[in-house]
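Q: Before I ask anything, let me first share the structure, which is written out below as structure tokens.
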Amino acid sequence: MSEDADLLVVGAGTAGLPVAIEAARAGLRVELVDAADDIGGTLRVSAGHMSAAGTRRQRQAGIDDDPDRHFADVMRIGHHEGDAALIRLAVDEAPGLVDWLDENGFPFAPGTPVVYHGHSPYSRPRTYWGVAHGQSIRETLRPLLDEQVAAGNVTLRLRSRAVELTTGGGAVTGAVVQTADGPRELRAGVTVLASGGYGANPGLFAALTPGNPRLVTNAVETSTGDAIEMASPLGAVVRFAELHTPRLGLLERRSDPGRVDLWSALANLAPAERPPREIWVNARGERFTAEDLDDVTCHERVVQEQPGAEFWIVFDEASIDAGAPLVPRWGAERLREEARRGDVAWVADDLPGLARRAGIDPDGLLHTVGAYHRAVDEGADPLGRRVLDHRVTRPPYYAVRSVAALLCSFGGLDVDTGFRVRRDGGGVVPGLYALGEAIGMGATSGAAFCGGMAVTPALAFGRLLGRRLAAKA
């Protein structure tokens with residue numbers, strides 16, 4: 001069966017929702033399909049961080065900021081990688097996006113915007129999120145979508161996965177969508193791929209990421225790289241996968257390999273918020289970085305270089321209650337409980353016993369702790385650590401294992417500033433556009449996690465493309 005629409009949007013998430021909403025409000029007939037059983041995509045698990053300079057909320061708080069400074073910060077933090085033209089467009093559109101959410105009742109978390117230290121920080125307070133993080137964005141957009149569905153401007157098809165793009169006359173004409181009732185062809189004048197990244201596709205992750213690292217992921221189950229796999233046969237190319245950067249502090253349970261959960265188990269390793277009372281060691285028991293280094297991106301990348309892309313946070317009983325908890329969601333008693341369980345944390349009365357239980361080389365750990373104590377005595381650490389207030393001397397001893405884990409896909413489809421999917425060697429795929437994680441976080445964030453430069457561009461570009469397509473029509 002064939003059906004006609006002005007616009008087919010594949011993916012009802014961070015980028016797909018605003019495309020559909022804006023296009024429908026301007027009068028286009030929109031088909032919106034998603035493989036999940038509800039809208040939102042990665043907003044179900046995302047922190048929902050947005051960054052914008054020159055917003056109404058900044059002005060009300062007396063914060064002097066503008067897109068030029070935002071752009072300079074993104075380029076600095078991202079090591080001048082990524083697509084500078086898309087980054088420039090994103091920071092220019094960002095304040096309007098945040099103000100638009102504000103006008104639609106977005107429940108900002110108290111105190112935002114802030115300088116966020118979970119990633120390499122900006123020079124100004126320009127990071128925002130909602131009281132329910134990513135779900136605050138979803139629930140702000142839901143009534144806007146519902147209005148267009150009720151008006152007959154949007155047909156929403158959930159539990160419907162696009163499996164193949166259709167073409168005619170050299171242009172994309174829509175897609176074959178697998179529904180509960182079987183496959184059906186949806187035809188449209190324009191098709192937008194906003195179906196997320198490839199964080200739930202180990203094979204594609206391995207094929208795209210240099211070094212073939214093991215995939216440990218926080219991605220939703222629908223992030224299988226469908227946009228890449230559907231567009232590649234038409235000549236589309238993937239870029240920026242080599243910029244892959246893991247999220248620091250995620251904890252992988254031995255009982256659930258390959259998965260992490262940003263909300264239930266995340267260690268706070270940002271020295272600006274929580275000066276370290278622990279040491280970090282790799283499987284050989286060696287320290288490999290100054291734990292209080294200000295450059296979070298450097299920490300994220302050096303973890304990738306360790307054996308197994310994993311490390312252990314080692315400390316003693318005295319450090320547990322000496323300040324803010326290592327894992328905020330756990331607190332002190334839950335940490336002790338997890339250590340007794342021995343799945344992602346371990347405890348022992350001596351360091352060799354701790355090492356054996358946790359999977360660390362015992363001799364290496366003993367040597368490293370001794371060397372660290374000498375650095376504390378001398379007030380100078382060979383790795384450059386400045387916070388030398390805590391030793392590892394009071395039993396029992398603890399270790400918590402952290403891994404280099406994927407939070408966002410850095411590779412994605414190559415697009416121009418009109419979001420048209422480009423072919424290798426030049427030219428575009430007529431009738432095909434892509435947005436959000438389908439174009440890769442590397443495009444808008446460079447070689448680092450720049451706060452808000454995944455969610456904000458997805459939302460802002462979605463709104464912009466929806467308006468542009470409507471204007472063309």
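The chains in the structure tokens are called A, B, ... from first to last as shown; in each chain the residues are counted from 1, and the ligands are counted from 1 in the order shown.
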Please provide the set of residues having any atom within 7 Å of region 156-172 of chain A, restricted to only C-alpha atoms, with same-chain residues fewer than 3 positions apart removed, written as a count of residues only.
A: 19
Q: Quick check for you: according to DSSP on this backbone, which residues of region 81-289 of chain A are classed as strand (DSSP E)? Reply as a PyMOL selection string.
A: chain A and resi 127-128+154-157+161-168+171-179+182-193+238-239+279-281
Q: Enumerate the residues of region 226-367 of chain A with a DSSP assignment of helix (DSSP H, G or I), computed from the backbone, and present them as an MDAnalysis selection string.
A: chainID A and resid 226:234 241:243 296:304 307:309 317:320 331:341 351:358 362:367
Q: As an exercise, work out the distance from CA of His117 (chain A) to CA of Arg391 (chain A) in Å and give it to one decimal place.
A: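 About the pair CA of His117 (chain A) and CA of Arg391 (chain A): they are 25.0 Å apart.
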Q: Calculated over only C-alpha atoms, which of the candidates A:Val114, A:Cys450, A:Leu8, A:Ala458 has the smallest distance to Met75 (chain A)?
A: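 Using only C-alpha atoms, the shortest distance to Met75 (chain A) belongs to A:Cys450.
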Q: Which residues come within 10 Å of Met453 (chain A), counting only C-alpha atoms, excluding same-chain residues fewer than 4 positions away, as a VMD selection string?
A: chain A and resid 49 to 52 74 87 90 to 91 94 127 441 to 446 448 to 449 457 to 458
Q: With 8 Å as the cut-off and only C-alpha atoms counted, what is the closest atom pair between each nearby residue of region 287-381 of chain A and region 270-275 of chain A? Distances in Å to one decimal, ordered by chain and number, as a Markdown table.
A:
| residue | atom | partner | partner_atom | distance |
| --- | --- | --- | --- | --- |
| A:Glu291 | CA | A:Pro271 | CA | 7.7 |
| A:Asp292 | CA | A:Pro271 | CA | 5.2 |
| A:Leu293 | CA | A:Pro271 | CA | 7.2 |
| A:Asp294 | CA | A:Pro271 | CA | 6.7 |
| A:Val296 | CA | A:Ala270 | CA | 7.3 |
| A:Ala324 | CA | A:Arg274 | CA | 6.7 |
Q: Name the residues in contact with Lys472 (chain A) at a cut-off of 12 Å, using only C-alpha atoms, excluding same-chain residues fewer than 6 positions from it; report them as a ChimeraX atom specification.
A: /A:6-7,23,26-28,189-190,465-466
Q: Only C-alpha atoms, please: the residues just picked out, written as a compact mmCIF listing (two decimals), in the first residue's frame.
A:
# COMPACT_ATOMS: atom_id res chain seq x y z
CA ASP A 6 4.79 16.21 2.05
CA LEU A 7 7.35 15.06 4.61
CA ALA A 23 6.64 21.65 9.40
CA ALA A 26 3.37 25.65 8.69
CA GLY A 27 0.91 23.48 6.80
CA LEU A 28 2.87 20.44 5.59
CA GLY A 189 8.32 14.64 -1.25
CA VAL A 190 11.08 14.92 1.37
CA LEU A 465 14.69 22.46 8.93
CA GLY A 466 10.96 22.21 9.59
Q: Fewer than 5 positions away in the same chain doesn't count, so skip those; otherwise give me all residues within 10 Å of Asp66 (chain A), counting only C-alpha atoms, as number ranges by chain.
A: A: 52-55, 58, 71, 91-92, 95, 124, 126
